[in-house]
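**Student:** Contents are mmCIF, C-alpha atoms; file name target.cif:
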data_structure
#
loop_
_atom_site.label_atom_id
_atom_site.label_comp_id
_atom_site.auth_asym_id
_atom_site.auth_seq_id
_atom_site.Cartn_x
_atom_site.Cartn_y
_atom_site.Cartn_z
CA MET N 1421 137.09 144.76 94.50
CA ASN N 1422 133.62 146.08 95.16
CA THR N 1423 132.62 144.81 98.61
CA THR N 1424 129.77 147.20 99.40
CA GLY N 1425 127.19 145.47 97.23
CA ILE N 1426 126.68 142.85 94.60
CA ASN N 1427 127.93 143.96 91.24
CA TRP N 1428 125.47 142.12 89.04
CA PHE N 1429 127.51 142.66 85.91
CA ARG N 1430 130.13 140.40 87.39
CA TYR N 1431 127.71 137.51 87.24
CA SER N 1432 127.45 137.70 83.50
CA SER N 1433 131.01 136.45 83.21
CA LEU N 1434 131.80 132.77 83.40
CA GLN N 1435 134.68 133.29 85.81
CA ALA N 1436 132.27 134.78 88.33
CA ILE N 1437 129.54 132.17 87.90
CA TYR N 1438 131.94 129.29 88.53
CA PRO N 1439 132.77 130.03 92.21
CA LEU N 1440 129.23 131.30 92.90
CA ALA N 1441 127.74 128.03 91.65
CA GLY N 1442 130.32 126.15 93.70
CA ARG N 1443 129.19 127.90 96.88
CA LEU N 1444 125.47 127.39 96.16
CA ILE N 1445 125.54 123.70 95.19
CA PRO N 1446 126.06 122.25 98.73
CA TRP N 1447 123.13 124.27 100.09
CA PHE N 1448 120.74 123.21 97.35
CA ALA N 1449 121.92 119.61 97.43
CA GLY N 1450 121.70 119.44 101.24
CA SER N 1451 118.21 120.91 101.43
CA ALA N 1452 117.09 118.67 98.56
CA LEU N 1453 118.21 115.64 100.57
CA VAL N 1454 116.47 116.84 103.74
CA CYS N 1455 113.24 117.66 101.88
CA GLY N 1456 113.39 114.35 100.03
CA LEU N 1457 113.74 112.34 103.24
CA ILE N 1458 110.93 114.25 105.00
CA GLY N 1459 108.73 113.96 101.89
CA LEU N 1460 109.35 110.20 101.64
CA TYR N 1461 108.64 109.74 105.35
CA ILE N 1462 105.33 111.61 105.16
CA GLY N 1463 104.38 110.22 101.73
CA LEU N 1464 105.20 106.58 102.37
CA GLY N 1465 104.80 106.40 106.14
CA LEU N 1466 102.23 108.89 107.38
CA ALA N 1467 99.87 109.70 104.49
CA PRO N 1468 96.60 107.77 104.61
CA THR N 1469 95.50 105.24 102.00
CA ASP N 1470 93.50 106.57 99.07
CA PHE N 1471 90.01 105.08 99.26
CA GLN N 1472 89.73 104.70 95.46
CA GLN N 1473 93.23 103.82 94.32
CA GLY N 1474 94.58 101.99 97.37
CA GLN N 1475 98.31 102.17 97.98
CA ALA N 1476 99.10 102.60 94.25
CA TYR N 1477 98.31 106.29 94.62
CA ARG N 1478 101.61 106.75 96.51
CA ILE N 1479 103.34 106.78 93.10
CA ILE N 1480 102.09 110.36 92.70
CA PHE N 1481 104.68 111.47 95.28
CA VAL N 1482 107.36 110.93 92.63
CA HIS N 1483 105.19 111.16 89.51
CA VAL N 1484 103.72 114.63 90.05
CA PRO N 1485 107.01 116.33 91.07
CA ALA N 1486 108.81 114.69 88.12
CA ALA N 1487 106.07 115.76 85.69
CA TRP N 1488 106.03 119.29 87.09
CA MET N 1489 109.80 119.62 86.88
CA SER N 1490 109.82 118.27 83.32
CA MET N 1491 107.55 121.13 82.22
CA PHE N 1492 109.03 123.81 84.46
CA LEU N 1493 112.61 123.02 83.43
CA TYR N 1494 111.64 123.21 79.77
CA VAL N 1495 110.23 126.73 80.26
CA VAL N 1496 113.35 127.78 82.20
CA MET N 1497 115.55 126.29 79.47
CA ALA N 1498 113.62 128.18 76.78
CA CYS N 1499 113.93 131.41 78.80
CA TRP N 1500 117.71 131.05 79.09
CA ALA N 1501 117.83 130.25 75.37
CA ALA N 1502 115.81 133.40 74.59
CA ILE N 1503 118.04 135.54 76.82
CA GLY N 1504 121.05 134.00 75.14
CA LEU N 1505 119.73 134.86 71.69
CA GLY N 1506 118.64 138.34 72.71
CA LEU N 1507 121.79 139.42 74.51
CA ASN N 1508 124.16 137.09 72.68
CA ALA N 1509 125.29 135.96 76.13
CA ARG N 1510 127.32 132.78 76.38
CA PRO N 1511 126.46 132.00 80.04
CA SER N 1512 122.75 131.92 79.13
CA PHE N 1513 123.36 129.29 76.46
CA LEU N 1514 125.41 127.30 78.97
CA MET N 1515 122.50 127.40 81.42
CA ALA N 1516 120.04 126.29 78.73
CA GLN N 1517 122.27 123.38 77.74
CA ALA N 1518 122.86 122.41 81.37
CA ILE N 1519 119.13 122.15 82.04
CA ALA N 1520 118.35 119.85 79.10
CA PRO N 1521 119.71 116.53 80.52
CA THR N 1522 117.95 116.98 83.87
CA GLY N 1523 114.73 117.91 82.08
CA THR N 1524 115.05 114.81 79.92
CA LEU N 1525 115.54 112.69 83.04
CA PHE N 1526 112.42 114.06 84.72
CA THR N 1527 110.35 113.65 81.55
CA PHE N 1528 111.46 110.03 81.32
CA LEU N 1529 110.65 109.51 85.02
CA ALA N 1530 107.23 111.16 84.64
CA LEU N 1531 106.41 108.78 81.78
CA LEU N 1532 107.78 105.72 83.57
CA THR N 1533 106.11 106.37 86.93
CA GLY N 1534 102.95 107.30 85.04
CA SER N 1535 102.82 103.93 83.36
CA MET N 1536 103.60 102.28 86.71
CA TRP N 1537 100.48 104.01 88.00
CA GLY N 1538 98.46 103.38 84.82
CA LYS N 1539 98.93 99.61 84.76
CA PRO N 1540 97.19 98.84 88.08
CA THR N 1541 94.74 101.76 87.90
CA TRP N 1542 93.72 101.92 84.22
CA GLY N 1543 94.79 98.39 83.30
CA THR N 1544 97.26 99.56 80.66
CA TRP N 1545 100.88 100.75 80.59
CA TRP N 1546 100.26 103.30 77.87
CA VAL N 1547 97.42 104.99 75.98
CA TRP N 1548 97.69 107.56 73.18
CA ASP N 1549 95.91 110.07 75.33
CA ALA N 1550 96.53 113.84 74.94
CA ARG N 1551 98.39 114.23 78.25
CA LEU N 1552 100.61 111.20 77.73
CA THR N 1553 101.32 111.93 74.07
CA SER N 1554 102.23 115.58 74.67
CA GLU N 1555 104.56 114.52 77.53
CA LEU N 1556 106.21 112.04 75.14
CA ILE N 1557 106.66 114.89 72.64
CA LEU N 1558 108.33 116.87 75.44
CA LEU N 1559 110.86 114.03 75.78
CA PHE N 1560 111.61 114.27 72.06
CA LEU N 1561 111.94 118.07 72.28
CA TYR N 1562 114.53 117.73 75.06
CA LEU N 1563 116.39 115.04 73.11
CA GLY N 1564 116.13 117.16 69.94
CA THR N 1565 117.66 120.17 71.67
CA MET N 1566 120.60 118.12 72.95
CA LEU N 1567 121.14 116.23 69.69
CA LEU N 1568 120.99 119.43 67.62
CA HIS N 1569 123.57 121.04 69.90
CA ALA N 1570 125.82 117.99 69.73
CA SER N 1571 125.54 117.66 65.96
CA ILE N 1572 126.89 121.15 65.12
CA ASP N 1573 130.65 121.51 65.45
CA ASP N 1574 130.81 125.30 65.65
CA ARG N 1575 129.96 126.12 69.27
CA ARG N 1576 128.28 129.47 68.62
CA ARG N 1577 126.11 128.09 65.84
CA ALA N 1578 125.25 125.06 67.97
CA ASP N 1579 124.19 127.34 70.87
CA ARG N 1580 121.96 129.43 68.62
CA ALA N 1581 120.39 126.55 66.71
CA ALA N 1582 119.59 124.61 69.89
CA ALA N 1583 118.19 127.80 71.45
CA VAL N 1584 115.81 128.41 68.53
CA PHE N 1585 114.71 124.76 68.64
CA ALA N 1586 114.08 124.97 72.41
CA ILE N 1587 112.08 128.21 72.09
CA VAL N 1588 109.86 126.85 69.30
CA GLY N 1589 109.20 123.71 71.37
CA VAL N 1590 107.90 125.69 74.34
CA VAL N 1591 104.41 125.75 72.74
CA ASN N 1592 104.15 122.13 73.82
CA VAL N 1593 104.24 123.01 77.54
CA PRO N 1594 100.80 124.69 77.73
CA VAL N 1595 99.48 121.85 75.58
CA ILE N 1596 100.64 119.35 78.23
CA TYR N 1597 99.34 121.47 81.08
CA PHE N 1598 95.87 122.13 79.66
CA SER N 1599 95.51 118.81 77.81
CA VAL N 1600 93.33 117.39 80.60
CA GLN N 1601 90.92 120.32 80.16
CA TRP N 1602 91.01 120.71 76.39
CA TRP N 1603 90.48 117.07 75.53
CA ASN N 1604 88.58 114.29 77.15
CA THR N 1605 91.57 112.38 78.42
CA LEU N 1606 92.01 109.27 80.51
CA HIS N 1607 94.51 111.16 82.65
CA GLN N 1608 92.94 112.71 85.72
CA GLY N 1609 92.88 116.49 86.25
CA ALA N 1610 95.28 118.47 88.38
CA SER N 1611 95.65 117.13 91.92
CA VAL N 1612 96.75 120.46 93.34
CA SER N 1613 95.51 123.74 91.97
CA MET N 1614 96.18 127.36 92.87
CA THR N 1615 92.52 128.30 92.54
CA ALA N 1616 90.55 125.35 93.93
CA ALA N 1617 90.71 123.52 97.22
CA PRO N 1618 92.91 120.40 97.07
CA LYS N 1619 91.13 117.21 96.17
CA MET N 1620 93.37 115.23 98.51
CA ALA N 1621 93.88 114.83 102.24
CA ALA N 1622 96.06 117.53 103.81
CA MET N 1623 98.77 114.98 104.61
CA MET N 1624 98.95 113.92 100.95
CA VAL N 1625 99.20 117.53 99.77
CA THR N 1626 101.94 118.23 102.33
CA ALA N 1627 103.97 115.21 101.20
CA MET N 1628 103.58 116.16 97.56
CA LEU N 1629 104.59 119.79 98.07
CA ILE N 1630 107.67 118.75 100.07
CA MET N 1631 108.62 116.26 97.36
CA MET N 1632 108.18 119.00 94.75
CA ALA N 1633 110.49 121.25 96.76
CA ALA N 1634 113.02 118.40 96.96
CA PHE N 1635 112.92 117.83 93.19
CA TRP N 1636 113.25 121.57 92.56
CA LEU N 1637 116.23 121.93 94.89
CA TYR N 1638 117.81 118.82 93.39
CA SER N 1639 117.40 120.26 89.88
CA VAL N 1640 119.07 123.54 90.84
CA ALA N 1641 122.01 121.70 92.43
CA VAL N 1642 122.48 119.35 89.47
CA VAL N 1643 122.11 122.08 86.84
CA LEU N 1644 124.63 124.31 88.65
CA ALA N 1645 127.05 121.38 88.88
CA ARG N 1646 126.67 120.79 85.14
CA VAL N 1647 127.22 124.49 84.42
CA ARG N 1648 130.43 124.32 86.44
CA CYS N 1649 131.63 121.36 84.39
CA ALA N 1650 130.77 123.16 81.16
CA ILE N 1651 132.59 126.33 82.25
CA LEU N 1652 135.62 124.32 83.28
CA GLU N 1653 135.62 122.53 79.94
CA ARG N 1654 135.26 125.70 77.93
CA GLU N 1655 137.47 128.02 79.89
CA GLY N 1656 140.12 125.54 80.94
CA GLN N 1657 142.23 126.40 83.93
CA SER N 1658 141.51 130.14 84.09
CA ALA N 1659 138.12 129.64 85.74
CA ARG N 1660 139.54 127.25 88.27
CA LEU N 1661 142.59 129.35 89.09
CA ARG N 1662 140.56 132.49 89.71
CA GLY N 1663 137.71 130.68 91.40
CA GLN N 1664 139.36 128.66 94.12
CA MET L 142 101.16 107.84 113.44
CA MET L 143 102.53 105.38 110.89
CA GLN L 144 100.06 103.79 108.49
CA TRP L 145 101.73 100.39 108.66
CA ASN L 146 101.62 97.56 111.21
CA SER L 147 104.57 95.58 109.92
CA LEU L 148 107.48 95.81 107.50
CA SER L 149 106.00 93.17 105.19
CA GLU L 150 102.76 95.14 105.00
CA PHE L 151 104.78 98.24 104.14
CA LEU L 152 106.70 96.41 101.42
CA ALA L 153 103.56 94.82 99.97
CA MET L 154 101.87 98.26 99.54
CA GLY L 155 98.46 96.65 99.51
CA GLY L 156 99.40 94.42 96.55
CA TYR L 157 100.84 97.32 94.55
CA GLY L 158 104.39 96.82 95.83
CA PHE L 159 105.91 96.18 92.41
CA TYR L 160 104.50 99.38 90.89
CA VAL L 161 105.18 101.59 93.90
CA TRP L 162 108.72 100.37 94.56
CA THR L 163 109.69 100.36 90.88
CA SER L 164 108.58 104.00 90.64
CA PHE L 165 110.44 105.15 93.74
CA GLY L 166 113.44 102.89 93.05
CA VAL L 167 113.99 103.93 89.43
CA THR L 168 113.54 107.61 90.34
CA GLY L 169 116.13 107.32 93.14
CA LEU L 170 118.55 105.35 90.96
CA CYS L 171 118.27 107.82 88.08
CA MET L 172 119.01 110.74 90.40
CA ALA L 173 121.93 108.92 92.02
CA PHE L 174 123.24 108.06 88.56
CA GLU L 175 122.99 111.67 87.41
CA VAL L 176 124.87 112.89 90.49
CA ALA L 177 127.54 110.18 90.12
CA THR L 178 128.03 110.96 86.41
CA LEU L 179 128.43 114.68 87.15
CA ARG L 180 130.94 114.05 89.96
CA ARG L 181 132.95 111.77 87.69
CA ARG L 182 132.84 114.32 84.86
CA TYR L 183 133.97 117.08 87.23
CA HIS L 184 136.93 115.06 88.54
CA LEU L 185 137.97 114.02 85.03
CA ILE L 186 137.94 117.65 83.87
CA CYS L 187 139.89 118.72 86.96
CA GLN L 188 142.52 116.09 86.19
CA THR L 189 142.78 117.29 82.60
CA VAL L 190 143.03 120.91 83.70
CA ARG L 191 145.72 120.07 86.25
CA ALA L 192 147.62 118.07 83.65
CA GLY L 193 147.38 121.05 81.30
CA GLN L 194 148.89 123.32 83.96
CA GLN L 195 152.04 121.27 84.39
CA PRO L 196 153.94 122.61 81.33
CA ASP L 197 153.16 126.19 82.38
CA LYS L 198 154.65 125.63 85.81
CA GLU L 199 157.79 124.15 84.32
CA HIS L 200 158.24 127.19 82.12
CA GLY L 201 157.46 129.66 84.89
#
What is this file in structure tokens?
**Tutor:**
Amino acid sequence: MNTTGINWFRYSSLQAIYPLAGRLIPWFAGSALVCGLIGLYIGLGLAPTDFQQGQAYRIIFVHVPAAWMSMFLYVVMACWAAIGLGLNARPSFLMAQAIAPTGTLFTFLALLTGSMWGKPTWGTWWVWDARLTSELILLFLYLGTMLLHASIDDRRRADRAAAVFAIVGVVNVPVIYFSVQWWNTLHQGASVSMTAAPKMAAMMVTAMLIMMAAFWLYSVAVVLARVRCAILEREGQSARLRGQ
Amino acid sequence: MMQWNSLSEFLAMGGYGFYVWTSFGVTGLCMAFEVATLRRRYHLICQTVRAGQQPDKEHG
């Protein structure tokens, strides 16, 4: 076996991904837990009260990371789907399919925590505003990708059809992101921006960034775990025998 | 320095307790549920795989 360096071609095969994912999961899961606890401590314990929104603003410490991950995961899913279509690579389709449930979860959480914030702040659970509506469409795109995959019996055709669906749906992501600029929405603009100074206290920004890191690490761990399950299901015992 | 003087003040969240704790609670529960479902799925598959290996061992 090649021990002098990483042979990247190995990682295109499912038998190689299985043990690699198994080694990575504990690290991602552990650091997600640590970041989550630190983020919660700073966000709920140390961060000051918002002078306009009172304590209700603390919802953003779960809302913003969930909303960010819902968009980010969709783009990553579409990328894996595109790689899968381009190279006809099975592991890429597996990755795309493994991301969809976690993306759906975060989209649902973004909508739920958003309405939990909207009720006390705007006085309504839901408005058909551009940001909210496009995020709801994102939920349907995730569900559509999964349902399309589940509804086709032939695995290869299911992979390809779901991949095309996911790639077409990616146009919705910039719509969500820029909706607060393109339309006059009720939803407030970005809280943290790469180009402008943060509109929040440093403690709030710190808590939010740590929570984002926690959600990101959690997503990687969960997606890798789901990929492992999918490999085990598809490849049967061979992956397990060679892997461990 | 903590922002809160007492536990009840912390739980009340300035009158927004329901909204804040529902948000954090549902998020935590959903994540825990996702992890639990995946662990269960993994163990079920492992059992099936192990069961599938038995005939091979008998033959070998």
**Student:** Evaluate the PyMOL selection byres ((chain L) within 7 of (chain N)) on the structure here and hand back the selected residues as a PyMOL selection string.
**Tutor:** chain L and resi 142-144+154-155+157+160-161+164-165+168+176+179+183+186+190
**Student:** Suppose a student applies the PyMOL selection byres ((chain N and resi 1448-1451) around 9) to this structure; what residues should they get, written as a list of chain:residue names?
**Tutor:**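 When the PyMOL selection byres ((chain N and resi 1448-1451) around 9) is applied, the selected residues are N:Leu1444, N:Ile1445, N:Pro1446, N:Trp1447, N:Ala1452, N:Leu1453, N:Val1454, N:Cys1455, N:Gly1456, N:Ala1634, N:Leu1637, N:Tyr1638, N:Ser1639, N:Val1640, N:Ala1641, N:Val1642.
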**Student:** Report as a PyMOL selection string all protein, DNA and RNA residues lying within 10 Å of range 1492-1504 of chain N, evaluated on all atoms listed in the file, omitting residues in the same chain fewer than 3 positions from it.
**Tutor:** chain N and resi 1486-1489+1507-1520+1522-1524+1526-1527+1558+1561-1562+1579-1594+1636+1639-1640
**Student:** With a distance cut-off of 10 Å and only C-alpha atoms, select the neighbouring residues of His1607 in chain N, excluding the residue or stretch itself and same-chain residues fewer than 5 positions from it, and output the selection as a list in words.
**Tutor:**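 After dropping sequence-adjacent residues, the list is Gly1534, Gly1538, Trp1542, Val1547, Asp1549, Ala1550, Arg1551, Leu1552, Ser1599 and Val1600 of chain N.
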**Student:** To one decimal in Å, tell me the separation between CA of Ser149 in chain L and CA of Asp1470 in chain N.
**Tutor:**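 Computing it gives 19.3 Å between the two atoms.
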**Student:** Would you mind reading off the distance between CA of Ala1627 in chain N and CA of Ile1458 in chain N, one decimal, in Å?
**Tutor:**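 Going from CA of Ala1627 in chain N over to CA of Ile1458 in chain N covers 8.0 Å.
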**Student:** Between CA of Met1620 in chain N and CA of Leu1556 in chain N, measure the distance and give it in Å to one decimal.
**Tutor:**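 Distance between the two atoms: 26.9 Å.
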